[in-house]
$ cat input20.tsv   # TSV, C-alpha atoms and all ligand atoms
chain	number	residue	atom	x	y	z
A	1	MET	CA	-83.57	-6.79	-51.27
A	2	MET	CA	-82.98	-3.01	-51.24
A	3	MET	CA	-82.99	-3.10	-47.46
A	4	ALA	CA	-80.44	-5.88	-47.44
A	5	SER	CA	-78.19	-3.98	-49.85
A	6	ARG	CA	-78.38	-0.81	-47.83
A	7	GLY	CA	-77.68	-2.77	-44.64
A	8	GLU	CA	-74.65	-4.41	-46.21
A	9	GLY	CA	-73.55	-1.02	-47.51
A	10	VAL	CA	-73.65	0.42	-44.01
A	11	LYS	CA	-71.72	-2.57	-42.69
A	12	LEU	CA	-69.16	-2.16	-45.45
A	13	ALA	CA	-68.84	1.57	-44.70
A	14	SER	CA	-68.34	0.79	-41.02
A	15	SER	CA	-65.78	-1.89	-41.71
A	16	MET	CA	-63.92	0.39	-44.11
A	17	MET	CA	-63.83	3.06	-41.41
A	18	LEU	CA	-62.36	0.66	-38.88
A	19	PHE	CA	-60.03	-0.81	-41.47
A	20	SER	CA	-58.85	2.61	-42.50
A	21	ARG	CA	-58.32	3.85	-38.94
A	22	SER	CA	-56.38	0.75	-38.02
A	23	PHE	CA	-54.10	0.32	-41.00
A	24	SER	CA	-53.91	3.35	-43.21
A	25	THR	CA	-51.91	6.50	-43.11
A	26	ALA	CA	-53.88	9.33	-44.70
A	27	ILE	CA	-51.93	12.03	-46.43
A	28	SER	CA	-53.77	15.26	-47.15
A	29	ARG	CA	-53.37	16.49	-50.66
A	30	GLY	CA	-55.82	19.36	-50.99
A	31	ILE	CA	-59.09	17.57	-50.66
A	32	ILE	CA	-57.49	14.29	-51.59
A	33	ALA	CA	-56.27	11.70	-49.13
A	34	LYS	CA	-54.35	8.69	-50.14
A	35	GLU	CA	-54.51	5.46	-48.28
A	36	ALA	CA	-52.19	2.62	-48.83
A	37	VAL	CA	-53.11	-0.77	-47.58
A	38	THR	CA	-51.31	-4.02	-48.00
A	39	ALA	CA	-53.21	-7.21	-47.52
A	40	LYS	CA	-51.80	-10.66	-47.45
A	41	ALA	CA	-53.59	-13.96	-47.52
A	42	VAL	CA	-52.37	-17.48	-47.88
A	43	GLU	CA	-54.70	-20.23	-48.93
A	44	CYS	CA	-54.19	-23.92	-49.70
A	45	HIS	CA	-55.98	-25.84	-52.40
A	46	GLY	CA	-55.06	-29.50	-52.64
A	47	ASP	CA	-51.33	-29.74	-53.19
A	48	VAL	CA	-51.14	-26.31	-54.72
A	49	VAL	CA	-50.29	-23.48	-52.43
A	50	ARG	CA	-51.72	-20.12	-53.40
A	51	LYS	CA	-50.19	-17.06	-51.89
A	52	ASN	CA	-52.41	-14.09	-52.34
A	53	ILE	CA	-50.77	-10.78	-51.90
A	54	GLY	CA	-52.97	-7.83	-52.59
A	55	GLU	CA	-51.50	-4.38	-52.52
A	56	PHE	CA	-53.71	-1.46	-53.32
A	57	TRP	CA	-53.99	2.26	-53.23
A	58	VAL	CA	-57.26	4.03	-52.72
A	59	ARG	CA	-57.63	7.73	-53.33
A	60	GLY	CA	-60.59	9.61	-51.88
A	61	SER	CA	-61.69	12.91	-50.35
A	62	VAL	CA	-60.99	14.05	-46.78
A	63	PHE	CA	-64.16	12.13	-46.02
A	64	GLY	CA	-62.34	9.35	-47.73
A	65	VAL	CA	-63.54	6.58	-45.48
A	66	ARG	CA	-67.19	7.27	-46.12
A	67	HIS	CA	-66.64	7.87	-49.81
A	68	GLY	CA	-64.37	4.86	-49.98
A	69	SER	CA	-67.34	2.72	-49.04
A	70	THR	CA	-69.88	4.57	-51.14
A	71	MET	CA	-67.80	4.11	-54.24
A	72	SER	CA	-69.37	0.71	-54.39
A	73	PHE	CA	-72.70	2.44	-54.88
A	74	GLY	CA	-71.57	4.20	-58.02
A	75	GLU	CA	-69.84	7.44	-57.05
A	76	LYS	CA	-66.82	6.47	-59.03
A	77	ASP	CA	-66.30	10.01	-60.24
A	78	GLN	CA	-65.13	10.97	-56.75
A	79	GLN	CA	-62.85	8.05	-56.28
A	80	LYS	CA	-60.13	6.37	-58.20
A	81	VAL	CA	-58.66	2.99	-57.70
A	82	GLU	CA	-55.13	3.03	-58.90
A	83	MET	CA	-53.19	0.20	-60.32
A	84	LYS	CA	-49.90	-0.54	-58.72
A	85	GLN	CA	-47.29	-2.21	-60.84
A	86	THR	CA	-45.54	-4.98	-59.04
A	87	GLN	CA	-43.75	-7.51	-61.16
A	88	SER	CA	-43.60	-8.71	-64.70
A	89	VAL	CA	-45.77	-11.23	-66.50
A	90	ALA	CA	-49.48	-11.36	-67.20
A	91	GLU	CA	-51.47	-13.53	-69.60
A	92	GLY	CA	-48.91	-12.94	-72.28
A	93	GLY	CA	-46.12	-14.48	-70.27
A	94	ASP	CA	-42.87	-12.69	-69.65
A	95	LYS	CA	-43.37	-9.98	-72.24
A	96	GLU	CA	-45.79	-7.75	-70.41
A	97	GLU	CA	-45.62	-6.02	-67.12
A	98	LYS	CA	-48.05	-7.36	-64.58
A	99	LYS	CA	-50.39	-4.82	-63.09
A	100	GLU	CA	-52.30	-5.70	-60.00
A	101	ILE	CA	-55.57	-3.90	-59.84
A	102	ALA	CA	-56.41	-2.40	-56.50
A	103	SER	CA	-59.71	-3.33	-54.95
A	104	TYR	CA	-61.30	-3.45	-51.55
A	105	TRP	CA	-63.81	-6.04	-52.71
A	106	GLY	CA	-61.94	-8.86	-51.08
A	107	VAL	CA	-60.86	-10.50	-54.33
A	108	PRO	CA	-57.09	-10.72	-54.01
A	109	PRO	CA	-54.90	-11.50	-57.02
A	110	SER	CA	-54.02	-15.17	-56.89
A	111	ARG	CA	-50.56	-16.60	-56.74
A	112	VAL	CA	-50.11	-20.19	-57.79
A	113	THR	CA	-46.95	-22.21	-57.54
A	114	LYS	CA	-45.81	-25.31	-59.40
A	115	GLU	CA	-45.05	-28.55	-57.60
A	116	ASP	CA	-41.39	-27.50	-57.41
A	117	GLY	CA	-42.33	-24.25	-55.68
A	118	ALA	CA	-41.60	-22.01	-58.67
A	119	GLU	CA	-44.19	-19.36	-59.41
A	120	TRP	CA	-46.85	-20.28	-61.98
A	121	LYS	CA	-46.59	-17.47	-64.44
A	122	TRP	CA	-49.70	-17.95	-66.56
A	123	ASN	CA	-52.94	-16.31	-65.64
A	124	CYS	CA	-54.77	-17.69	-68.67
A	125	PHE	CA	-54.60	-21.31	-67.46
A	126	ARG	CA	-53.67	-23.07	-64.24
A	127	PRO	CA	-51.57	-26.16	-63.46
A	128	TRP	CA	-54.67	-28.32	-62.98
A	129	GLU	CA	-55.82	-27.50	-66.54
A	130	THR	CA	-52.64	-28.79	-68.17
A	131	TYR	CA	-52.37	-32.25	-69.70
A	132	SER	CA	-50.22	-34.61	-71.73
A	133	ALA	CA	-51.62	-35.08	-75.22
A	134	ASP	CA	-52.49	-38.60	-76.30
A	135	LEU	CA	-50.21	-38.99	-79.31
A	136	SER	CA	-51.37	-42.55	-79.98
A	137	ILE	CA	-54.70	-41.41	-81.44
A	138	ASP	CA	-55.46	-42.62	-84.98
A	139	LEU	CA	-54.74	-39.66	-87.27
A	140	LYS	CA	-56.10	-41.31	-90.41
A	141	LYS	CA	-59.66	-41.91	-89.28
A	142	HIS	CA	-62.08	-40.37	-91.75
A	143	HIS	CA	-65.84	-40.14	-91.81
A	144	VAL	CA	-66.93	-41.16	-95.30
A	145	PRO	CA	-69.65	-38.71	-96.30
A	146	ALA	CA	-72.84	-40.69	-96.85
A	147	THR	CA	-75.81	-38.36	-96.80
A	148	PHE	CA	-76.44	-35.19	-98.75
A	149	LEU	CA	-75.67	-33.07	-95.67
A	150	ASP	CA	-72.39	-34.95	-95.08
A	151	LYS	CA	-71.34	-34.38	-98.66
A	152	MET	CA	-72.26	-30.72	-98.46
A	153	ALA	CA	-70.20	-30.33	-95.24
A	154	TYR	CA	-67.27	-32.22	-96.78
A	155	TRP	CA	-67.16	-30.26	-100.03
A	156	MET	CA	-67.68	-26.97	-98.25
A	157	VAL	CA	-64.55	-27.62	-96.19
A	158	LYS	CA	-62.63	-28.77	-99.27
A	159	ALA	CA	-63.70	-25.59	-101.08
A	160	LEU	CA	-62.50	-23.45	-98.14
A	161	ARG	CA	-59.11	-25.12	-98.32
A	162	PHE	CA	-58.48	-23.85	-101.86
A	163	PRO	CA	-58.25	-20.09	-100.98
A	164	THR	CA	-56.39	-21.00	-97.77
A	165	ASP	CA	-53.72	-22.91	-99.73
A	166	LEU	CA	-53.50	-20.05	-102.20
A	167	PHE	CA	-53.10	-17.40	-99.51
A	168	PHE	CA	-50.64	-19.12	-97.19
A	169	GLN	CA	-48.96	-21.64	-99.54
A	170	ARG	CA	-46.16	-23.20	-97.45
A	171	ARG	CA	-46.09	-20.66	-94.62
A	172	TYR	CA	-47.42	-23.23	-92.18
A	173	GLY	CA	-46.66	-21.33	-88.98
A	174	CYS	CA	-48.70	-18.38	-90.15
A	175	ARG	CA	-51.35	-20.65	-91.63
A	176	ALA	CA	-51.74	-22.51	-88.34
A	177	MET	CA	-52.02	-19.28	-86.40
A	178	MET	CA	-54.67	-17.87	-88.72
A	179	LEU	CA	-56.70	-21.08	-88.88
A	180	GLU	CA	-56.78	-21.33	-85.10
A	181	THR	CA	-58.58	-17.98	-85.00
A	182	VAL	CA	-61.39	-19.71	-86.91
A	183	ALA	CA	-61.14	-23.11	-85.20
A	184	ALA	CA	-61.83	-21.58	-81.78
A	185	VAL	CA	-65.24	-20.25	-82.88
A	186	PRO	CA	-67.49	-23.36	-83.33
A	187	GLY	CA	-67.01	-24.70	-79.79
A	188	MET	CA	-67.90	-21.36	-78.27
A	189	VAL	CA	-70.97	-20.89	-80.49
A	190	GLY	CA	-72.20	-24.47	-80.02
A	191	GLY	CA	-71.53	-24.32	-76.27
A	192	MET	CA	-73.37	-21.01	-75.95
A	193	LEU	CA	-76.38	-22.27	-77.90
A	194	LEU	CA	-76.57	-25.43	-75.80
A	195	HIS	CA	-76.24	-23.31	-72.68
A	196	CYS	CA	-79.20	-21.17	-73.77
A	197	LYS	CA	-81.17	-24.29	-74.69
A	198	SER	CA	-80.53	-25.76	-71.24
A	199	LEU	CA	-81.86	-22.55	-69.67
A	200	ARG	CA	-84.91	-22.39	-71.91
A	201	ARG	CA	-85.90	-26.00	-71.40
A	202	PHE	CA	-84.92	-26.40	-67.74
A	203	GLU	CA	-82.82	-29.45	-68.60
A	204	HIS	CA	-79.27	-30.81	-68.29
A	205	SER	CA	-76.87	-30.71	-71.21
A	206	GLY	CA	-75.23	-34.08	-70.62
A	207	GLY	CA	-71.89	-32.28	-70.25
A	208	TRP	CA	-71.84	-31.06	-73.84
A	209	ILE	CA	-71.70	-27.38	-72.92
A	210	LYS	CA	-68.47	-27.96	-71.02
A	211	THR	CA	-67.05	-30.21	-73.73
A	212	LEU	CA	-67.64	-27.64	-76.47
A	213	LEU	CA	-66.41	-24.70	-74.40
A	214	ASP	CA	-63.29	-26.72	-73.48
A	215	GLU	CA	-62.72	-27.33	-77.18
A	216	ALA	CA	-62.94	-23.59	-77.86
A	217	GLU	CA	-60.47	-22.91	-75.06
A	218	ASN	CA	-58.12	-25.60	-76.31
A	219	GLU	CA	-58.19	-24.09	-79.81
A	220	ARG	CA	-57.54	-20.66	-78.35
A	221	MET	CA	-54.50	-22.07	-76.55
A	222	HIS	CA	-53.27	-23.32	-79.95
A	223	LEU	CA	-53.53	-19.72	-81.12
A	224	MET	CA	-51.76	-18.37	-78.01
A	225	THR	CA	-48.96	-20.85	-78.75
A	226	PHE	CA	-48.55	-20.19	-82.48
A	227	MET	CA	-48.63	-16.43	-82.10
A	228	GLU	CA	-45.36	-16.84	-80.18
A	229	VAL	CA	-43.66	-18.19	-83.31
A	230	ALA	CA	-45.49	-16.30	-86.06
A	231	LYS	CA	-46.42	-12.65	-85.81
A	232	PRO	CA	-49.45	-11.60	-87.87
A	233	ARG	CA	-49.07	-8.71	-90.31
A	234	TRP	CA	-51.60	-5.90	-90.47
A	235	TYR	CA	-53.46	-7.35	-93.47
A	236	GLU	CA	-53.61	-10.77	-91.80
A	237	ARG	CA	-55.17	-9.18	-88.73
A	238	ALA	CA	-57.68	-7.48	-91.01
A	239	LEU	CA	-58.43	-10.84	-92.63
A	240	VAL	CA	-59.02	-12.43	-89.21
A	241	ILE	CA	-61.52	-9.73	-88.27
A	242	THR	CA	-63.37	-10.12	-91.57
A	243	VAL	CA	-63.42	-13.91	-91.48
A	244	GLN	CA	-64.55	-13.95	-87.85
A	245	GLY	CA	-67.40	-11.57	-88.62
A	246	VAL	CA	-68.65	-13.82	-91.41
A	247	PHE	CA	-67.86	-17.24	-89.96
A	248	LEU	CA	-69.19	-16.63	-86.46
A	249	ASN	CA	-72.56	-15.48	-87.77
A	250	ALA	CA	-72.73	-18.18	-90.42
A	251	TYR	CA	-71.90	-20.92	-87.91
A	252	PHE	CA	-74.38	-19.51	-85.41
A	253	LEU	CA	-77.18	-19.71	-87.98
A	254	GLY	CA	-75.95	-23.07	-89.26
A	255	TYR	CA	-75.98	-24.56	-85.76
A	256	ILE	CA	-79.52	-23.36	-85.12
A	257	ILE	CA	-80.76	-24.76	-88.44
A	258	SER	CA	-78.87	-28.06	-88.36
A	259	PRO	CA	-76.53	-29.00	-85.51
A	260	LYS	CA	-75.77	-32.31	-87.21
A	261	PHE	CA	-74.49	-30.44	-90.26
A	262	ALA	CA	-72.55	-27.95	-88.09
A	263	HIS	CA	-70.78	-30.69	-86.10
A	264	ARG	CA	-70.10	-32.70	-89.26
A	265	MET	CA	-68.52	-29.67	-90.89
A	266	VAL	CA	-66.28	-29.09	-87.85
A	267	GLY	CA	-65.36	-32.80	-87.97
A	268	TYR	CA	-64.14	-32.31	-91.55
A	269	LEU	CA	-62.40	-29.04	-90.63
A	270	GLU	CA	-60.49	-30.98	-87.99
A	271	GLU	CA	-59.54	-33.63	-90.56
A	272	GLU	CA	-58.11	-30.83	-92.69
A	273	ALA	CA	-56.31	-29.41	-89.65
A	274	ILE	CA	-54.63	-32.81	-89.12
A	275	HIS	CA	-53.53	-32.74	-92.77
A	276	SER	CA	-52.17	-29.16	-92.39
A	277	TYR	CA	-50.15	-30.05	-89.31
A	278	THR	CA	-48.79	-33.18	-91.02
A	279	GLU	CA	-47.54	-30.93	-93.85
A	280	PHE	CA	-46.12	-28.57	-91.22
A	281	LEU	CA	-44.16	-31.49	-89.73
A	282	LYS	CA	-42.83	-32.46	-93.17
A	283	GLU	CA	-41.52	-28.93	-93.70
A	284	LEU	CA	-39.89	-29.00	-90.27
A	285	ASP	CA	-38.26	-32.36	-91.03
A	286	LYS	CA	-36.97	-31.09	-94.38
A	287	GLY	CA	-35.43	-28.09	-92.63
A	288	ASN	CA	-37.56	-25.59	-94.57
A	289	ILE	CA	-38.94	-24.33	-91.25
A	290	GLU	CA	-36.54	-23.87	-88.35
A	291	ASN	CA	-37.25	-26.20	-85.46
A	292	VAL	CA	-37.02	-23.51	-82.79
A	293	PRO	CA	-37.44	-24.20	-79.06
A	294	ALA	CA	-41.07	-24.64	-78.00
A	295	PRO	CA	-42.71	-21.51	-76.62
A	296	ALA	CA	-42.77	-21.50	-72.82
A	297	ILE	CA	-46.58	-21.42	-72.77
A	298	ALA	CA	-46.66	-24.68	-74.78
A	299	VAL	CA	-44.16	-26.40	-72.48
A	300	ASP	CA	-46.38	-25.67	-69.48
A	301	TYR	CA	-49.76	-26.29	-71.14
A	302	TRP	CA	-48.91	-29.70	-72.64
A	303	ARG	CA	-46.41	-30.63	-69.90
A	304	LEU	CA	-43.61	-30.91	-72.45
A	305	PRO	CA	-39.98	-31.44	-71.45
A	306	PRO	CA	-38.00	-28.20	-70.99
A	307	ASP	CA	-35.97	-28.90	-74.16
A	308	ALA	CA	-39.10	-29.45	-76.33
A	309	THR	CA	-39.09	-27.94	-79.80
A	310	LEU	CA	-41.63	-26.58	-82.25
A	311	ARG	CA	-41.90	-30.08	-83.71
A	312	ASP	CA	-43.08	-31.44	-80.35
A	313	VAL	CA	-45.65	-28.66	-80.19
A	314	VAL	CA	-47.01	-29.44	-83.65
A	315	LEU	CA	-47.30	-33.12	-82.68
A	316	VAL	CA	-49.44	-32.38	-79.61
A	317	VAL	CA	-51.56	-29.81	-81.42
A	318	ARG	CA	-52.21	-32.32	-84.20
A	319	ALA	CA	-53.27	-34.89	-81.59
A	320	ASP	CA	-55.68	-32.29	-80.15
A	321	GLU	CA	-57.20	-31.78	-83.60
A	322	ALA	CA	-57.73	-35.52	-83.94
A	323	HIS	CA	-59.64	-35.49	-80.66
A	324	HIS	CA	-61.78	-32.57	-81.82
A	325	ARG	CA	-62.50	-34.49	-85.02
A	326	ASP	CA	-63.79	-37.48	-83.03
A	327	VAL	CA	-65.91	-35.34	-80.70
A	328	ASN	CA	-67.59	-33.44	-83.53
A	329	HIS	CA	-68.25	-36.45	-85.76
A	330	PHE	CA	-69.62	-38.22	-82.67
A	331	ALA	CA	-71.91	-35.26	-81.92
A	332	SER	CA	-73.13	-35.27	-85.51
A	333	ASP	CA	-73.76	-39.04	-85.37
A	334	ILE	CA	-75.91	-38.59	-82.24
A	335	HIS	CA	-78.10	-36.14	-84.13
A	336	TYR	CA	-78.21	-38.48	-87.14
A	337	GLN	CA	-79.64	-41.17	-84.88
A	338	GLY	CA	-82.49	-38.83	-84.03
A	339	ARG	CA	-81.21	-38.30	-80.50
A	340	GLU	CA	-80.20	-35.19	-78.62
A	341	LEU	CA	-76.64	-34.59	-77.42
A	342	LYS	CA	-77.70	-34.69	-73.76
A	343	GLU	CA	-78.75	-38.33	-74.24
A	344	ALA	CA	-75.13	-39.39	-74.76
A	345	PRO	CA	-72.67	-38.50	-71.99
A	346	ALA	CA	-70.24	-35.91	-73.34
A	347	PRO	CA	-66.57	-36.82	-73.60
A	348	ILE	CA	-65.44	-34.27	-71.01
A	349	GLY	CA	-61.66	-34.14	-70.72
A	350	TYR	CA	-61.15	-36.12	-73.96
A	351	HIS	CA	-57.66	-34.97	-75.04
P	1	FE	FE	-56.42	-26.09	-83.26
P	2	FE	FE	-59.36	-28.42	-83.59
$ encode --input "input20.tsv" --output "structure tokens"
Amino acid sequence: MMMASRGEGVKLASSMMLFSRSFSTAISRGIIAKEAVTAKAVECHGDVVRKNIGEFWVRGSVFGVRHGSTMSFGEKDQQKVEMKQTQSVAEGGDKEEKKEIASYWGVPPSRVTKEDGAEWKWNCFRPWETYSADLSIDLKKHHVPATFLDKMAYWMVKALRFPTDLFFQRRYGCRAMMLETVAAVPGMVGGMLLHCKSLRRFEHSGGWIKTLLDEAENERMHLMTFMEVAKPRWYERALVITVQGVFLNAYFLGYIISPKFAHRMVGYLEEEAIHSYTEFLKELDKGNIENVPAPAIAVDYWRLPPDATLRDVVLVVRADEAHHRDVNHFASDIHYQGRELKEAPAPIGYH
């Protein structure tokens, strides 16, 4: 293994030498030489055309070629890879300047275009991950708590609602944003625990790891959307950090002790989320909350029309919550029947 690594290192050093001689112009600056290299690559993937344009600057010593290759072996103190600013937009959309990170590792920054040829501006999700929410889902479905564990999960969620109502009252935009910071935790914790279980037991997960991680990502996209319309204050950020510290650990332990309780509780949390978004819609319809244009990230993620408004966003988010409710109550039911999640095919892509 060591031999192979060293061999590849020598090859890499040689290729860097050739690469440098062929394409770079070294400028002496004391013992520093700067090499600028522009690499272009175009790659097709289905109907999406990706144009990869990598532009990077490598700074090294006068023996820059050799050191350029050895940087990969850890001599980073002698070398610096600079970031070259190119154009605007990163994960945060059009608010941040995009910085392309230089690298000779052959991993060019990707460029994705929409069907109409316009540049896809989101790095946090890609066109093939977008979807149209199923708004026809039954929003009133409720799991009647039957067992002691069900009742405990139900009343725990009801009890959590009391301080939430007190804190946020009718500030539904802010409430939604804050609650999404919590809602994105269970899927990640459950998915991670199932992932570890799959590794420990040398067995498949039935797709549940992906389903739960997708749920976490979907909830995080809710947060990315609502933070465009409601900016958290310093004490709300502090609250998020505190709540995350407590909730993440509590849910982690809860899931290990009783996954059927953990999923049931999330099912009831989702029922409450549906209620919260219904109240949000009422406030929008009364005019108490301004029905501003939908954030651009929401328009692309849920494939909304260009003139979509905040109301349209709340409708699709509420539909998502209803789907999460079904998935988590279903997962709990599987456990209640004495089965494991992997025995029932996971509802991957259930939106
Ligand atoms: Fe959510
Ligand atoms: Fe949810």
$ residues_near_ligand --input "input20.tsv" --ligand "ligand FE 2 (chain P)" --cutoff "9 Å" --atoms "only C-alpha atoms and all ligand atoms" --output "PyMOL selection string"
chain A and resi 180+183-184+215-216+218-219+222+266-267+269-271+273-274+317-318+320-325
$ atom_distance --input "input20.tsv" --atom1 "CA of Ser132 (chain A)" --atom2 "CA of Trp302 (chain A)"
5.2 Å
$ atom_distance --input "input20.tsv" --atom1 "CA of Asp165 (chain A)" --atom2 "CA of Tyr277 (chain A)"
13.1 Å
$ closest_residue --input "input20.tsv" --among "A:Phe261, A:Phe125, A:Tyr251, A:Phe330" --to "Asp150 (chain A)" --atoms "all atoms listed in the file"
A:Phe261
$ closest_residue --input "input20.tsv" --among "A:Lys231, A:Tyr336, A:Ala238, A:Met188" --to "Phe252 (chain A)" --atoms "all atoms listed in the file"
A:Met188
$ atom_distance --input "input20.tsv" --atom1 "CA of Trp208 (chain A)" --atom2 "CA of Gly191 (chain A)"
7.2 Å
$ residues_near_point --input "input20.tsv" --point "(-43.7, -27.7, -93.6)" --cutoff "12 Å" --atoms "only C-alpha atoms" --output "MDAnalysis selection string"
chainID A and resid 168:176 275:291 310:311 314
$ build_atoms --input "input20.tsv" --residues "region 276-299 of chain A" --atoms "N, CA and C atoms" --output "JSON list (two decimals), keeping the file's coordinate frame"
[["chain", "number", "residue", "atom", "x", "y", "z"],
["A", 276, "SER", "N", -53.02, -30.36, -92.40],
["A", 276, "SER", "CA", -52.17, -29.16, -92.39],
["A", 276, "SER", "C", -50.98, -29.33, -91.46],
["A", 277, "TYR", "N", -51.25, -29.89, -90.27],
["A", 277, "TYR", "CA", -50.15, -30.05, -89.31],
["A", 277, "TYR", "C", -49.19, -31.16, -89.74],
["A", 278, "THR", "N", -49.69, -32.15, -90.49],
["A", 278, "THR", "CA", -48.79, -33.18, -91.02],
["A", 278, "THR", "C", -47.85, -32.54, -92.04],
["A", 279, "GLU", "N", -48.38, -31.64, -92.88],
["A", 279, "GLU", "CA", -47.54, -30.93, -93.85],
["A", 279, "GLU", "C", -46.54, -30.03, -93.12],
["A", 280, "PHE", "N", -46.99, -29.41, -92.05],
["A", 280, "PHE", "CA", -46.12, -28.57, -91.22],
["A", 280, "PHE", "C", -44.93, -29.40, -90.72],
["A", 281, "LEU", "N", -45.22, -30.62, -90.23],
["A", 281, "LEU", "CA", -44.16, -31.49, -89.73],
["A", 281, "LEU", "C", -43.17, -31.87, -90.84],
["A", 282, "LYS", "N", -43.72, -32.11, -92.05],
["A", 282, "LYS", "CA", -42.83, -32.46, -93.17],
["A", 282, "LYS", "C", -41.86, -31.32, -93.46],
["A", 283, "GLU", "N", -42.37, -30.09, -93.43],
["A", 283, "GLU", "CA", -41.52, -28.93, -93.70],
["A", 283, "GLU", "C", -40.46, -28.76, -92.61],
["A", 284, "LEU", "N", -40.85, -29.06, -91.37],
["A", 284, "LEU", "CA", -39.89, -29.00, -90.27],
["A", 284, "LEU", "C", -38.80, -30.05, -90.46],
["A", 285, "ASP", "N", -39.22, -31.27, -90.86],
["A", 285, "ASP", "CA", -38.26, -32.36, -91.03],
["A", 285, "ASP", "C", -37.33, -32.11, -92.20],
["A", 286, "LYS", "N", -37.83, -31.41, -93.22],
["A", 286, "LYS", "CA", -36.97, -31.09, -94.38],
["A", 286, "LYS", "C", -36.02, -29.93, -94.07],
["A", 287, "GLY", "N", -36.28, -29.24, -92.99],
["A", 287, "GLY", "CA", -35.43, -28.09, -92.63],
["A", 287, "GLY", "C", -35.90, -26.80, -93.26],
["A", 288, "ASN", "N", -37.05, -26.82, -93.95],
["A", 288, "ASN", "CA", -37.56, -25.59, -94.57],
["A", 288, "ASN", "C", -38.11, -24.62, -93.52],
["A", 289, "ILE", "N", -38.51, -25.18, -92.36],
["A", 289, "ILE", "CA", -38.94, -24.33, -91.25],
["A", 289, "ILE", "C", -38.02, -24.66, -90.08],
["A", 290, "GLU", "N", -37.48, -23.65, -89.45],
["A", 290, "GLU", "CA", -36.54, -23.87, -88.35],
["A", 290, "GLU", "C", -37.26, -24.47, -87.14],
["A", 291, "ASN", "N", -36.66, -25.52, -86.63],
["A", 291, "ASN", "CA", -37.25, -26.20, -85.46],
["A", 291, "ASN", "C", -36.80, -25.49, -84.18],
["A", 292, "VAL", "N", -37.41, -24.36, -83.93],
["A", 292, "VAL", "CA", -37.02, -23.51, -82.79],
["A", 292, "VAL", "C", -37.49, -24.14, -81.47],
["A", 293, "PRO", "N", -36.94, -23.68, -80.36],
["A", 293, "PRO", "CA", -37.44, -24.20, -79.06],
["A", 293, "PRO", "C", -38.93, -23.92, -78.90],
["A", 294, "ALA", "N", -39.62, -24.81, -78.22],
["A", 294, "ALA", "CA", -41.07, -24.64, -78.00],
["A", 294, "ALA", "C", -41.33, -23.40, -77.16],
["A", 295, "PRO", "N", -42.38, -22.65, -77.48],
["A", 295, "PRO", "CA", -42.71, -21.51, -76.62],
["A", 295, "PRO", "C", -42.98, -21.99, -75.19],
["A", 296, "ALA", "N", -42.63, -21.13, -74.23],
["A", 296, "ALA", "CA", -42.77, -21.50, -72.82],
["A", 296, "ALA", "C", -44.22, -21.86, -72.47],
["A", 297, "ILE", "N", -45.16, -21.17, -73.08],
["A", 297, "ILE", "CA", -46.58, -21.42, -72.77],
["A", 297, "ILE", "C", -46.96, -22.86, -73.18],
["A", 298, "ALA", "N", -46.37, -23.33, -74.30],
["A", 298, "ALA", "CA", -46.66, -24.68, -74.78],
["A", 298, "ALA", "C", -46.05, -25.74, -73.85],
["A", 299, "VAL", "N", -44.84, -25.46, -73.39],
["A", 299, "VAL", "CA", -44.16, -26.40, -72.48],
["A", 299, "VAL", "C", -45.01, -26.62, -71.23]]
